[in-house]
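Participant: Take a look at the following structure, please.
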Amino acid sequence: MKRDSPDDHTGIAKYNAAARASSATVIGHYSTSFGLAARLLEPRVRSQVRTIYALVRVADEIVDGAASQAGVNVDGQRDLLDALERETSQAMGSGFSTNLVVHAFAATAREAGIDTSLTTPFFASMRRDLDPSPFDAAGVAEYIYGSAEVIGLMCLRCFVQDTRCATDELQVLEAGARSLGAAFQKVNFLRDLAADRDALGRNYFPGVNLLTMTETQKNELLDDMDADLDAAARVLPMLPVGSRRAVTAAHHLFARLSAKLRVTPARELMSARVRVPDPEKIMIALTASFGPGAWKR
């Protein structure tokens with residue numbers, strides 16, 4: 001019986017393609033904003049970043065509602081998260097997983113140099129979401145590093161995988177990636193106040209009573225977020241051309257969200273989620289791609 005050639009659209013090549021397609025499906029169902037920005041990446045990096053997003057989303061669904069709604073209790077959610085981490089680590093080593101999302105991520109990790117120094121803190125932060133104890137400032141910082149900053153670092157590994165960076169240049173890029181990831185997470189914390197508190201019983205702003213948050217408190221939080229966005233903006237010109245437009249678009253989108261949160265009364269944040277309308281998102285993406293006034297061309 002004739003065996004298929006490795007060059008045919010069979011075997012591992014076909015399996016890899018199916019795994020990448022599954023990741024693209026996940027991002028298509030869950031994120032218009034991230035999905036729009038990802039389209040501006042060069043094709044290879046776009047595919048890799050989608051695999052990162054897909055794994056992160058699956059882990060997030062274990063701790064943020066889907067598993068619970070399916071009838072899985074907290075202990076069961078911990079078991080699922082532990083199993084996902086083990087499967088991810090094993091696949092990063094072996095290059096194969098029966099879980100298509102994990103397989104796609106592992107392929108990206110092996111190509112781009114993502115290792116367990118980044119996945120371990122991510123899963124630790126996801127596990128922290130199953131702990132009902134309140135956060136303190138140090139705990140929030142650790143949580144943000146694992147849940148957001150390492151995602152920025154994973155994406156950066158993909159952005160620079162074919163670029164020779166001096167050690168000092170890479171350190172600057174990594175600081176920018178962490179700042180941008182932190183800004184994204186903090187902005188979403190403020191956007192999701194109601195859902196986090198009422199549905200999940202979480203408060204990521206220790207020392208702030210969400211029900212009585214003042215305008216001063218809100219603006220102090222936004223000042224911190226804008227400082228992260230400013231730090232990230234200074235690094236954008238250093239990114240490789242194939243990823244610069246996409247990261248710029250994502251940065252500008254969250255800067256716009258920050259501006260909208262700034263003019264939204266604090267009391268309204270517990271009842272409405274601030275968002276950027278789709279036409280405005282498209283304008284932001286066009287501006288990042290081609291410059292101001294691109295929509296007129």
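Labels for the structure tokens follow display order: chains A, B, ..., residues from 1 in each chain, ligands from 1.
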Excluding Leu130 (chain A) and residues on its chain fewer than 6 positions from it, collect all residues at most 12 Å away from it, counting only C-alpha atoms, and give them as a VMD selection string.

Facilitator: chain A and resid 59 to 65 67 to 68 73 to 81 123 to 124 200 to 202

Participant: Using only C-alpha atoms, which residues sit within 9 Å of Cys155 (chain A) once same-chain residues fewer than 5 positions away are excluded, as a ChimeraX atom specification?

Facilitator: /A:45,48-49,52,112,150,160,177

Participant: Could the residues in this selection be saved with N, CA and C atoms as a short mmCIF file (atom, residue, chain, number, x, y, z; two decimals), in the first residue's frame?

Facilitator:
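Dumped everything to result27.cif:
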```cif
data_model
loop_
_atom_site.label_atom_id
_atom_site.label_comp_id
_atom_site.auth_asym_id
_atom_site.auth_seq_id
_atom_site.Cartn_x
_atom_site.Cartn_y
_atom_site.Cartn_z
N VAL A 45 3.03 35.38 10.73
CA VAL A 45 2.88 35.86 12.10
C VAL A 45 1.40 35.91 12.48
N GLN A 48 0.38 32.56 13.59
CA GLN A 48 0.94 32.23 14.90
C GLN A 48 0.23 32.96 16.03
N VAL A 49 -0.04 34.24 15.84
CA VAL A 49 -0.70 35.02 16.89
C VAL A 49 -2.10 34.49 17.15
N ILE A 52 -1.91 31.68 19.60
CA ILE A 52 -1.73 32.15 20.97
C ILE A 52 -3.08 32.58 21.54
N ALA A 112 8.76 29.90 17.36
CA ALA A 112 9.10 31.25 17.79
C ALA A 112 9.92 31.31 19.08
N VAL A 150 2.68 38.44 29.70
CA VAL A 150 3.35 37.33 29.02
C VAL A 150 2.75 37.07 27.65
N VAL A 160 9.63 38.93 16.21
CA VAL A 160 11.07 39.10 15.99
C VAL A 160 11.78 37.80 15.67
N ALA A 177 6.32 45.50 25.10
CA ALA A 177 5.30 44.45 25.00
C ALA A 177 4.58 44.25 26.32
#
```

Participant: Find the residue from A:Leu41, A:Phe205, A:Asn16, A:Phe254 that sits nearest to Phe159 (chain A); use only C-alpha atoms when measuring.

Facilitator: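 Closest candidate: A:Leu41.
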
Participant: Identify, on the basis of only C-alpha atoms, every residue whose closest approach to Ser94 (chain A) does not exceed 12 Å; exclude the query and any residue fewer than 3 positions from it along the same chain; express the result as a PyMOL selection string.

Facilitator: chain A and resi 87-91+97-98+102-103+106-107+109-110

Participant: Could you please take those selected residues and save N, CA and C atoms as a PDB file, in the first residue's frame?

Facilitator:
```
ATOM      1  N   GLU A  87      -1.043  19.319  29.036  1.00  0.00           N
ATOM      2  CA  GLU A  87      -1.110  18.997  27.608  1.00  0.00           C
ATOM      3  C   GLU A  87      -0.310  20.006  26.787  1.00  0.00           C
ATOM      4  N   THR A  88      -0.405  21.263  27.167  1.00  0.00           N
ATOM      5  CA  THR A  88       0.336  22.303  26.446  1.00  0.00           C
ATOM      6  C   THR A  88       1.835  22.103  26.601  1.00  0.00           C
ATOM      7  N   SER A  89       2.286  21.864  27.832  1.00  0.00           N
ATOM      8  CA  SER A  89       3.715  21.663  28.077  1.00  0.00           C
ATOM      9  C   SER A  89       4.234  20.432  27.327  1.00  0.00           C
ATOM     10  N   GLN A  90       3.474  19.358  27.373  1.00  0.00           N
ATOM     11  CA  GLN A  90       3.887  18.140  26.680  1.00  0.00           C
ATOM     12  C   GLN A  90       3.967  18.364  25.171  1.00  0.00           C
ATOM     13  N   ALA A  91       2.996  19.057  24.615  1.00  0.00           N
ATOM     14  CA  ALA A  91       2.980  19.301  23.173  1.00  0.00           C
ATOM     15  C   ALA A  91       4.114  20.230  22.751  1.00  0.00           C
ATOM     16  N   SER A  97      -0.281  17.217  19.684  1.00  0.00           N
ATOM     17  CA  SER A  97      -1.365  17.093  20.664  1.00  0.00           C
ATOM     18  C   SER A  97      -2.630  16.660  19.949  1.00  0.00           C
ATOM     19  N   THR A  98      -3.452  15.885  20.635  1.00  0.00           N
ATOM     20  CA  THR A  98      -4.753  15.513  20.087  1.00  0.00           C
ATOM     21  C   THR A  98      -5.748  16.662  20.188  1.00  0.00           C
ATOM     22  N   VAL A 102      -4.311  23.252  21.208  1.00  0.00           N
ATOM     23  CA  VAL A 102      -3.019  23.057  21.871  1.00  0.00           C
ATOM     24  C   VAL A 102      -1.940  22.721  20.841  1.00  0.00           C
ATOM     25  N   HIS A 103      -2.268  21.875  19.885  1.00  0.00           N
ATOM     26  CA  HIS A 103      -1.297  21.501  18.850  1.00  0.00           C
ATOM     27  C   HIS A 103      -0.839  22.732  18.070  1.00  0.00           C
ATOM     28  N   ALA A 106       1.441  24.843  20.248  1.00  0.00           N
ATOM     29  CA  ALA A 106       2.740  24.203  20.440  1.00  0.00           C
ATOM     30  C   ALA A 106       3.628  24.376  19.214  1.00  0.00           C
ATOM     31  N   ALA A 107       3.027  24.299  18.025  1.00  0.00           N
ATOM     32  CA  ALA A 107       3.797  24.507  16.797  1.00  0.00           C
ATOM     33  C   ALA A 107       4.367  25.920  16.767  1.00  0.00           C
ATOM     34  N   ALA A 109       4.919  27.827  19.404  1.00  0.00           N
ATOM     35  CA  ALA A 109       5.914  27.929  20.474  1.00  0.00           C
ATOM     36  C   ALA A 109       7.260  27.387  20.018  1.00  0.00           C
ATOM     37  N   ARG A 110       7.246  26.280  19.332  1.00  0.00           N
ATOM     38  CA  ARG A 110       8.494  25.662  18.874  1.00  0.00           C
ATOM     39  C   ARG A 110       9.159  26.502  17.783  1.00  0.00           C
TER      40      ARG A 110
END
```

Participant: Of the candidates A:Ala227, A:Ala266, A:Ala259, A:Leu156, which shows the shortest atom-to-atom distance to Asn209 (chain A), using only C-alpha atoms?

Facilitator: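 Going through A:Ala227, A:Ala266, A:Ala259, A:Leu156 one by one, the smallest distance to Asn209 (chain A) is for A:Ala266.
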
Participant: Pick the closest to Glu111 (chain A) from A:Gln171, A:Leu286, A:Met154, A:Thr214: which is it, counting only C-alpha atoms?

Facilitator: A:Met154

Participant: Fewer than 5 positions away in the same chain doesn't count, so skip those; otherwise give me all residues within 10 Å of Val235 (chain A), counting only C-alpha atoms, as a PyMOL selection string.

Facilitator: chain A and resi 169+172-177+179-180+230+244

Participant: Residues as selected, N, CA and C atoms, written as a CSV table (one decimal), in the first residue's frame, can you do that?

Facilitator:
```csv
chain,number,residue,atom,x,y,z
A,169,GLU,N,18.3,46.1,22.6
A,169,GLU,CA,17.1,46.4,21.8
A,169,GLU,C,16.0,45.5,22.2
A,172,VAL,N,14.3,46.5,25.4
A,172,VAL,CA,13.4,47.6,25.2
A,172,VAL,C,12.1,47.1,24.6
A,173,LEU,N,12.2,46.2,23.6
A,173,LEU,CA,11.0,45.7,23.0
A,173,LEU,C,10.1,44.9,24.0
A,174,GLU,N,10.8,44.1,24.8
A,174,GLU,CA,10.1,43.4,25.8
A,174,GLU,C,9.4,44.3,26.8
A,175,ALA,N,10.0,45.3,27.2
A,175,ALA,CA,9.4,46.3,28.1
A,175,ALA,C,8.2,46.9,27.5
A,176,GLY,N,8.3,47.2,26.2
A,176,GLY,CA,7.1,47.8,25.5
A,176,GLY,C,6.0,46.8,25.4
A,177,ALA,N,6.3,45.5,25.1
A,177,ALA,CA,5.3,44.4,25.0
A,177,ALA,C,4.6,44.2,26.3
A,179,SER,N,4.3,46.5,28.7
A,179,SER,CA,3.4,47.7,29.0
A,179,SER,C,2.1,47.7,28.2
A,180,LEU,N,2.2,47.2,26.9
A,180,LEU,CA,1.0,47.2,26.1
A,180,LEU,C,0.1,46.1,26.6
A,230,ASP,N,1.5,55.0,26.8
A,230,ASP,CA,2.5,55.9,26.4
A,230,ASP,C,3.9,55.2,26.3
A,244,ARG,N,4.3,45.9,12.8
A,244,ARG,CA,4.1,47.2,13.3
A,244,ARG,C,2.7,47.8,13.2
```

Participant: Between A:Leu257, A:Cys165, A:Leu193, A:Ile27, single out the one closest to Arg39 (chain A), counting only C-alpha atoms.

Facilitator: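 When distances to Arg39 (chain A) are compared using only C-alpha atoms, the smallest one comes from A:Ile27.
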
Participant: How far is it from CA of Arg20 (chain A) to CA of Leu55 (chain A), in Å with one decimal?

Facilitator: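 Taking CA of Arg20 (chain A) and CA of Leu55 (chain A), their separation equals 11.3 Å.
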
Participant: How many Å lie between CA of Ser147 (chain A) and CA of Phe122 (chain A), rounded to one decimal?

Facilitator: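 If I compute the distance from CA of Ser147 (chain A) to CA of Phe122 (chain A), I get 5.2 Å.
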
Participant: Pick out the closest residue to Ala24 (chain A) from this set: A:Arg256, A:Arg245, A:Arg46, A:His251. Count only C-alpha atoms.

Facilitator: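 Distance minimum relative to Ala24 (chain A) lands on A:Arg46.
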
Participant: Pick out the residues sitting within 10 Å of Pro121 (chain A), and hand them over as a ChimeraX atom specification; count only C-alpha atoms, and ignore anything fewer than 4 positions along from it in its own chain.

Facilitator: /A:116-117,125-127,142-150

Participant: Take the residues from that selection and put them in a file with all heavy atoms, as an mmCIF file, in the first residue's frame.

Facilitator:
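In the end it all went to again.cif:
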```cif
data_model
loop_
_atom_site.group_PDB
_atom_site.id
_atom_site.type_symbol
_atom_site.label_atom_id
_atom_site.label_comp_id
_atom_site.auth_asym_id
_atom_site.auth_seq_id
_atom_site.Cartn_x
_atom_site.Cartn_y
_atom_site.Cartn_z
ATOM 1 N N THR A 116 8.176 27.467 28.638
ATOM 2 C CA THR A 116 7.339 27.438 29.841
ATOM 3 C C THR A 116 7.588 28.603 30.779
ATOM 4 O O THR A 116 6.804 28.826 31.710
ATOM 5 C CB THR A 116 7.531 26.116 30.607
ATOM 6 O OG1 THR A 116 8.922 25.927 30.899
ATOM 7 C CG2 THR A 116 7.033 24.931 29.783
ATOM 8 N N SER A 117 8.655 29.377 30.553
ATOM 9 C CA SER A 117 8.848 30.582 31.369
ATOM 10 C C SER A 117 7.726 31.585 31.110
ATOM 11 O O SER A 117 7.472 32.476 31.936
ATOM 12 C CB SER A 117 10.202 31.230 31.077
ATOM 13 O OG SER A 117 10.237 31.798 29.775
ATOM 14 N N SER A 125 -1.954 32.628 36.599
ATOM 15 C CA SER A 125 -2.944 33.706 36.693
ATOM 16 C C SER A 125 -4.348 33.184 36.440
ATOM 17 O O SER A 125 -5.308 33.597 37.102
ATOM 18 C CB SER A 125 -2.608 34.826 35.705
ATOM 19 O OG SER A 125 -1.525 35.600 36.187
ATOM 20 N N MET A 126 -4.497 32.279 35.481
ATOM 21 C CA MET A 126 -5.814 31.685 35.248
ATOM 22 C C MET A 126 -6.291 30.925 36.496
ATOM 23 O O MET A 126 -7.456 31.003 36.888
ATOM 24 C CB MET A 126 -5.753 30.737 34.050
ATOM 25 C CG MET A 126 -5.487 31.394 32.710
ATOM 26 S SD MET A 126 -6.734 32.626 32.216
ATOM 27 C CE MET A 126 -5.950 34.163 32.797
ATOM 28 N N ARG A 127 -5.367 30.236 37.130
ATOM 29 C CA ARG A 127 -5.706 29.500 38.352
ATOM 30 C C ARG A 127 -6.105 30.470 39.472
ATOM 31 O O ARG A 127 -6.989 30.152 40.284
ATOM 32 C CB ARG A 127 -4.488 28.654 38.760
ATOM 33 C CG ARG A 127 -4.808 27.426 39.558
ATOM 34 C CD ARG A 127 -3.584 26.523 39.659
ATOM 35 N NE ARG A 127 -3.380 25.761 38.430
ATOM 36 C CZ ARG A 127 -2.359 25.934 37.589
ATOM 37 N NH1 ARG A 127 -1.432 26.849 37.848
ATOM 38 N NH2 ARG A 127 -2.259 25.195 36.504
ATOM 39 N N GLU A 142 1.045 40.707 39.934
ATOM 40 C CA GLU A 142 1.444 39.365 39.530
ATOM 41 C C GLU A 142 0.424 38.776 38.559
ATOM 42 O O GLU A 142 0.778 38.127 37.569
ATOM 43 C CB GLU A 142 1.577 38.471 40.763
ATOM 44 C CG GLU A 142 2.056 37.063 40.464
ATOM 45 C CD GLU A 142 2.223 36.220 41.724
ATOM 46 O OE1 GLU A 142 1.805 36.679 42.813
ATOM 47 O OE2 GLU A 142 2.764 35.109 41.624
ATOM 48 N N TYR A 143 -0.846 39.018 38.846
ATOM 49 C CA TYR A 143 -1.909 38.516 37.979
ATOM 50 C C TYR A 143 -1.816 39.137 36.583
ATOM 51 O O TYR A 143 -1.943 38.438 35.569
ATOM 52 C CB TYR A 143 -3.279 38.834 38.590
ATOM 53 C CG TYR A 143 -4.425 38.395 37.716
ATOM 54 C CD1 TYR A 143 -4.910 37.099 37.781
ATOM 55 C CD2 TYR A 143 -5.007 39.277 36.809
ATOM 56 C CE1 TYR A 143 -5.947 36.680 36.959
ATOM 57 C CE2 TYR A 143 -6.044 38.871 35.985
ATOM 58 C CZ TYR A 143 -6.511 37.578 36.064
ATOM 59 O OH TYR A 143 -7.524 37.165 35.234
ATOM 60 N N ILE A 144 -1.600 40.442 36.516
ATOM 61 C CA ILE A 144 -1.511 41.125 35.221
ATOM 62 C C ILE A 144 -0.312 40.626 34.425
ATOM 63 O O ILE A 144 -0.388 40.444 33.202
ATOM 64 C CB ILE A 144 -1.463 42.651 35.416
ATOM 65 C CG1 ILE A 144 -2.817 43.158 35.914
ATOM 66 C CG2 ILE A 144 -1.094 43.361 34.119
ATOM 67 C CD1 ILE A 144 -2.831 44.625 36.304
ATOM 68 N N TYR A 145 0.795 40.376 35.112
ATOM 69 C CA TYR A 145 1.956 39.839 34.407
ATOM 70 C C TYR A 145 1.600 38.515 33.737
ATOM 71 O O TYR A 145 1.865 38.311 32.543
ATOM 72 C CB TYR A 145 3.134 39.639 35.363
ATOM 73 C CG TYR A 145 4.302 38.955 34.678
ATOM 74 C CD1 TYR A 145 5.103 39.642 33.766
ATOM 75 C CD2 TYR A 145 4.576 37.603 34.908
ATOM 76 C CE1 TYR A 145 6.142 39.014 33.096
ATOM 77 C CE2 TYR A 145 5.623 36.965 34.245
ATOM 78 C CZ TYR A 145 6.393 37.675 33.339
ATOM 79 O OH TYR A 145 7.414 37.036 32.670
ATOM 80 N N GLY A 146 0.995 37.612 34.489
ATOM 81 C CA GLY A 146 0.691 36.291 33.955
ATOM 82 C C GLY A 146 -0.436 36.264 32.952
ATOM 83 O O GLY A 146 -0.412 35.488 31.988
ATOM 84 N N SER A 147 -1.430 37.109 33.141
ATOM 85 C CA SER A 147 -2.606 37.053 32.271
ATOM 86 C C SER A 147 -2.481 37.922 31.033
ATOM 87 O O SER A 147 -3.225 37.733 30.065
ATOM 88 C CB SER A 147 -3.857 37.483 33.055
ATOM 89 O OG SER A 147 -3.775 38.855 33.428
ATOM 90 N N ALA A 148 -1.559 38.884 31.030
ATOM 91 C CA ALA A 148 -1.511 39.827 29.918
ATOM 92 C C ALA A 148 -0.098 40.129 29.427
ATOM 93 O O ALA A 148 0.163 40.087 28.224
ATOM 94 C CB ALA A 148 -2.203 41.128 30.319
ATOM 95 N N GLU A 149 0.806 40.431 30.349
ATOM 96 C CA GLU A 149 2.151 40.817 29.909
ATOM 97 C C GLU A 149 2.865 39.667 29.206
ATOM 98 O O GLU A 149 3.555 39.879 28.198
ATOM 99 C CB GLU A 149 2.959 41.320 31.097
ATOM 100 C CG GLU A 149 2.426 42.630 31.684
ATOM 101 C CD GLU A 149 3.229 43.117 32.880
ATOM 102 O OE1 GLU A 149 4.457 42.870 32.910
ATOM 103 O OE2 GLU A 149 2.634 43.733 33.789
ATOM 104 N N VAL A 150 2.680 38.442 29.698
ATOM 105 C CA VAL A 150 3.353 37.326 29.021
ATOM 106 C C VAL A 150 2.753 37.070 27.647
ATOM 107 O O VAL A 150 3.437 36.560 26.752
ATOM 108 C CB VAL A 150 3.340 36.026 29.866
ATOM 109 C CG1 VAL A 150 4.077 36.219 31.178
ATOM 110 C CG2 VAL A 150 1.935 35.508 30.093
#
```

Participant: Could you name the residues that touch Thr212 (chain A) at 12 Å or less, counting only C-alpha atoms, but leaving out those on the same chain fewer than 2 positions away, as a list in words?

Facilitator: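 In the requested form, the answer reads Gly207, Val208, Asn209, Leu210, Thr214, Glu215, Thr216, Gln217, Lys218, Pro265, Ala266, Arg267, Glu268, Leu269 and Met270 of chain A.
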
Participant: Quick one: write out the picked residues with all heavy atoms as a tab-separated table (two decimals), in the first residue's frame?

Facilitator:
```tsv
chain	number	residue	atom	x	y	z
A	207	GLY	N	-8.74	48.32	47.09
A	207	GLY	CA	-8.80	49.64	47.70
A	207	GLY	C	-9.86	50.54	47.10
A	207	GLY	O	-10.11	51.64	47.60
A	208	VAL	N	-10.51	50.08	46.02
A	208	VAL	CA	-11.57	50.86	45.38
A	208	VAL	C	-12.90	50.13	45.56
A	208	VAL	O	-13.03	48.96	45.16
A	208	VAL	CB	-11.30	51.07	43.88
A	208	VAL	CG1	-12.45	51.82	43.23
A	208	VAL	CG2	-9.99	51.82	43.67
A	209	ASN	N	-13.86	50.79	46.18
A	209	ASN	CA	-15.21	50.25	46.28
A	209	ASN	C	-15.91	50.52	44.95
A	209	ASN	O	-16.18	51.68	44.61
A	209	ASN	CB	-15.97	50.91	47.44
A	209	ASN	CG	-17.35	50.30	47.64
A	209	ASN	OD1	-17.99	49.84	46.70
A	209	ASN	ND2	-17.80	50.30	48.89
A	210	LEU	N	-16.15	49.49	44.18
A	210	LEU	CA	-16.67	49.67	42.83
A	210	LEU	C	-18.03	50.34	42.81
A	210	LEU	O	-18.36	51.06	41.85
A	210	LEU	CB	-16.75	48.31	42.12
A	210	LEU	CG	-15.43	47.54	42.01
A	210	LEU	CD1	-15.64	46.24	41.25
A	210	LEU	CD2	-14.36	48.39	41.35
A	214	THR	N	-15.34	57.06	42.72
A	214	THR	CA	-15.48	58.47	42.36
A	214	THR	C	-14.81	58.75	41.02
A	214	THR	O	-14.03	57.94	40.51
A	214	THR	CB	-14.84	59.36	43.43
A	214	THR	OG1	-13.43	59.13	43.44
A	214	THR	CG2	-15.43	59.07	44.81
A	215	GLU	N	-15.08	59.93	40.47
A	215	GLU	CA	-14.42	60.34	39.23
A	215	GLU	C	-12.91	60.45	39.43
A	215	GLU	O	-12.13	60.09	38.55
A	215	GLU	CB	-14.98	61.69	38.76
A	215	GLU	CG	-16.39	61.61	38.20
A	215	GLU	CD	-16.47	60.71	36.98
A	215	GLU	OE1	-15.69	60.91	36.02
A	215	GLU	OE2	-17.30	59.78	36.99
A	216	THR	N	-12.53	60.93	40.61
A	216	THR	CA	-11.10	61.05	40.89
A	216	THR	C	-10.43	59.68	40.88
A	216	THR	O	-9.35	59.49	40.29
A	216	THR	CB	-10.87	61.73	42.25
A	216	THR	OG1	-11.40	63.06	42.19
A	216	THR	CG2	-9.39	61.79	42.60
A	217	GLN	N	-11.05	58.70	41.52
A	217	GLN	CA	-10.49	57.35	41.54
A	217	GLN	C	-10.43	56.77	40.13
A	217	GLN	O	-9.43	56.16	39.73
A	217	GLN	CB	-11.33	56.45	42.44
A	217	GLN	CG	-11.18	56.73	43.93
A	217	GLN	CD	-12.12	55.91	44.77
A	217	GLN	OE1	-13.30	55.76	44.44
A	217	GLN	NE2	-11.60	55.36	45.87
A	218	LYS	N	-11.50	56.96	39.37
A	218	LYS	CA	-11.53	56.44	38.00
A	218	LYS	C	-10.40	57.05	37.18
A	218	LYS	O	-9.68	56.35	36.45
A	218	LYS	CB	-12.88	56.75	37.35
A	218	LYS	CG	-13.02	56.21	35.93
A	218	LYS	CD	-14.14	56.90	35.17
A	218	LYS	CE	-13.73	58.33	34.76
A	218	LYS	NZ	-14.72	58.96	33.87
A	265	PRO	N	-19.13	58.71	33.01
A	265	PRO	CA	-19.22	58.85	34.47
A	265	PRO	C	-18.94	57.54	35.18
A	265	PRO	O	-19.38	56.47	34.72
A	265	PRO	CB	-20.67	59.31	34.68
A	265	PRO	CG	-21.04	59.99	33.40
A	265	PRO	CD	-20.35	59.21	32.33
A	266	ALA	N	-18.22	57.60	36.28
A	266	ALA	CA	-17.83	56.40	37.01
A	266	ALA	C	-19.04	55.55	37.38
A	266	ALA	O	-19.00	54.31	37.30
A	266	ALA	CB	-17.05	56.79	38.27
A	267	ARG	N	-20.13	56.20	37.75
A	267	ARG	CA	-21.31	55.44	38.19
A	267	ARG	C	-21.91	54.61	37.06
A	267	ARG	O	-22.59	53.60	37.29
A	267	ARG	CB	-22.38	56.38	38.76
A	267	ARG	CG	-22.94	57.36	37.75
A	267	ARG	CD	-24.00	58.27	38.36
A	267	ARG	NE	-24.55	59.21	37.38
A	267	ARG	CZ	-23.97	60.34	37.02
A	267	ARG	NH1	-22.83	60.70	37.59
A	267	ARG	NH2	-24.53	61.13	36.13
A	268	GLU	N	-21.67	55.02	35.80
A	268	GLU	CA	-22.24	54.29	34.66
A	268	GLU	C	-21.44	53.04	34.31
A	268	GLU	O	-21.94	52.17	33.59
A	268	GLU	CB	-22.33	55.21	33.44
A	268	GLU	CG	-23.33	56.35	33.60
A	268	GLU	CD	-23.45	57.18	32.34
A	268	GLU	OE1	-22.95	56.75	31.28
A	268	GLU	OE2	-24.05	58.28	32.43
A	269	LEU	N	-20.22	52.94	34.80
A	269	LEU	CA	-19.38	51.80	34.45
A	269	LEU	C	-19.88	50.51	35.06
A	269	LEU	O	-19.51	49.42	34.60
A	269	LEU	CB	-17.93	52.06	34.89
A	269	LEU	CG	-17.23	53.22	34.19
A	269	LEU	CD1	-15.82	53.39	34.73
A	269	LEU	CD2	-17.19	53.01	32.68
A	270	MET	N	-20.72	50.60	36.09
A	270	MET	CA	-21.29	49.40	36.69
A	270	MET	C	-22.53	48.92	35.95
A	270	MET	O	-23.10	47.88	36.30
A	270	MET	CB	-21.63	49.66	38.17
A	270	MET	CG	-20.41	49.72	39.07
A	270	MET	SD	-19.41	48.21	39.06
A	270	MET	CE	-20.55	47.02	39.73
```

Participant: Please identify all polymer residues within 9 Å of Lys186 (chain A), counting only C-alpha atoms, omitting same-chain residues fewer than 5 positions from it, and present them as a PyMOL selection string.

Facilitator: chain A and resi 144+181+191+204+221-222+224-225

Participant: CA of Asp226 (chain A) and CA of Thr264 (chain A) are how many Å apart?

Facilitator: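 Interatomic distance here is 15.8 Å.
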
Participant: Using only C-alpha atoms, can you tell me which of A:Leu211, A:Ile151, A:Ala18, A:Met283 comes closest to Ala194 (chain A)?

Facilitator: A:Leu211
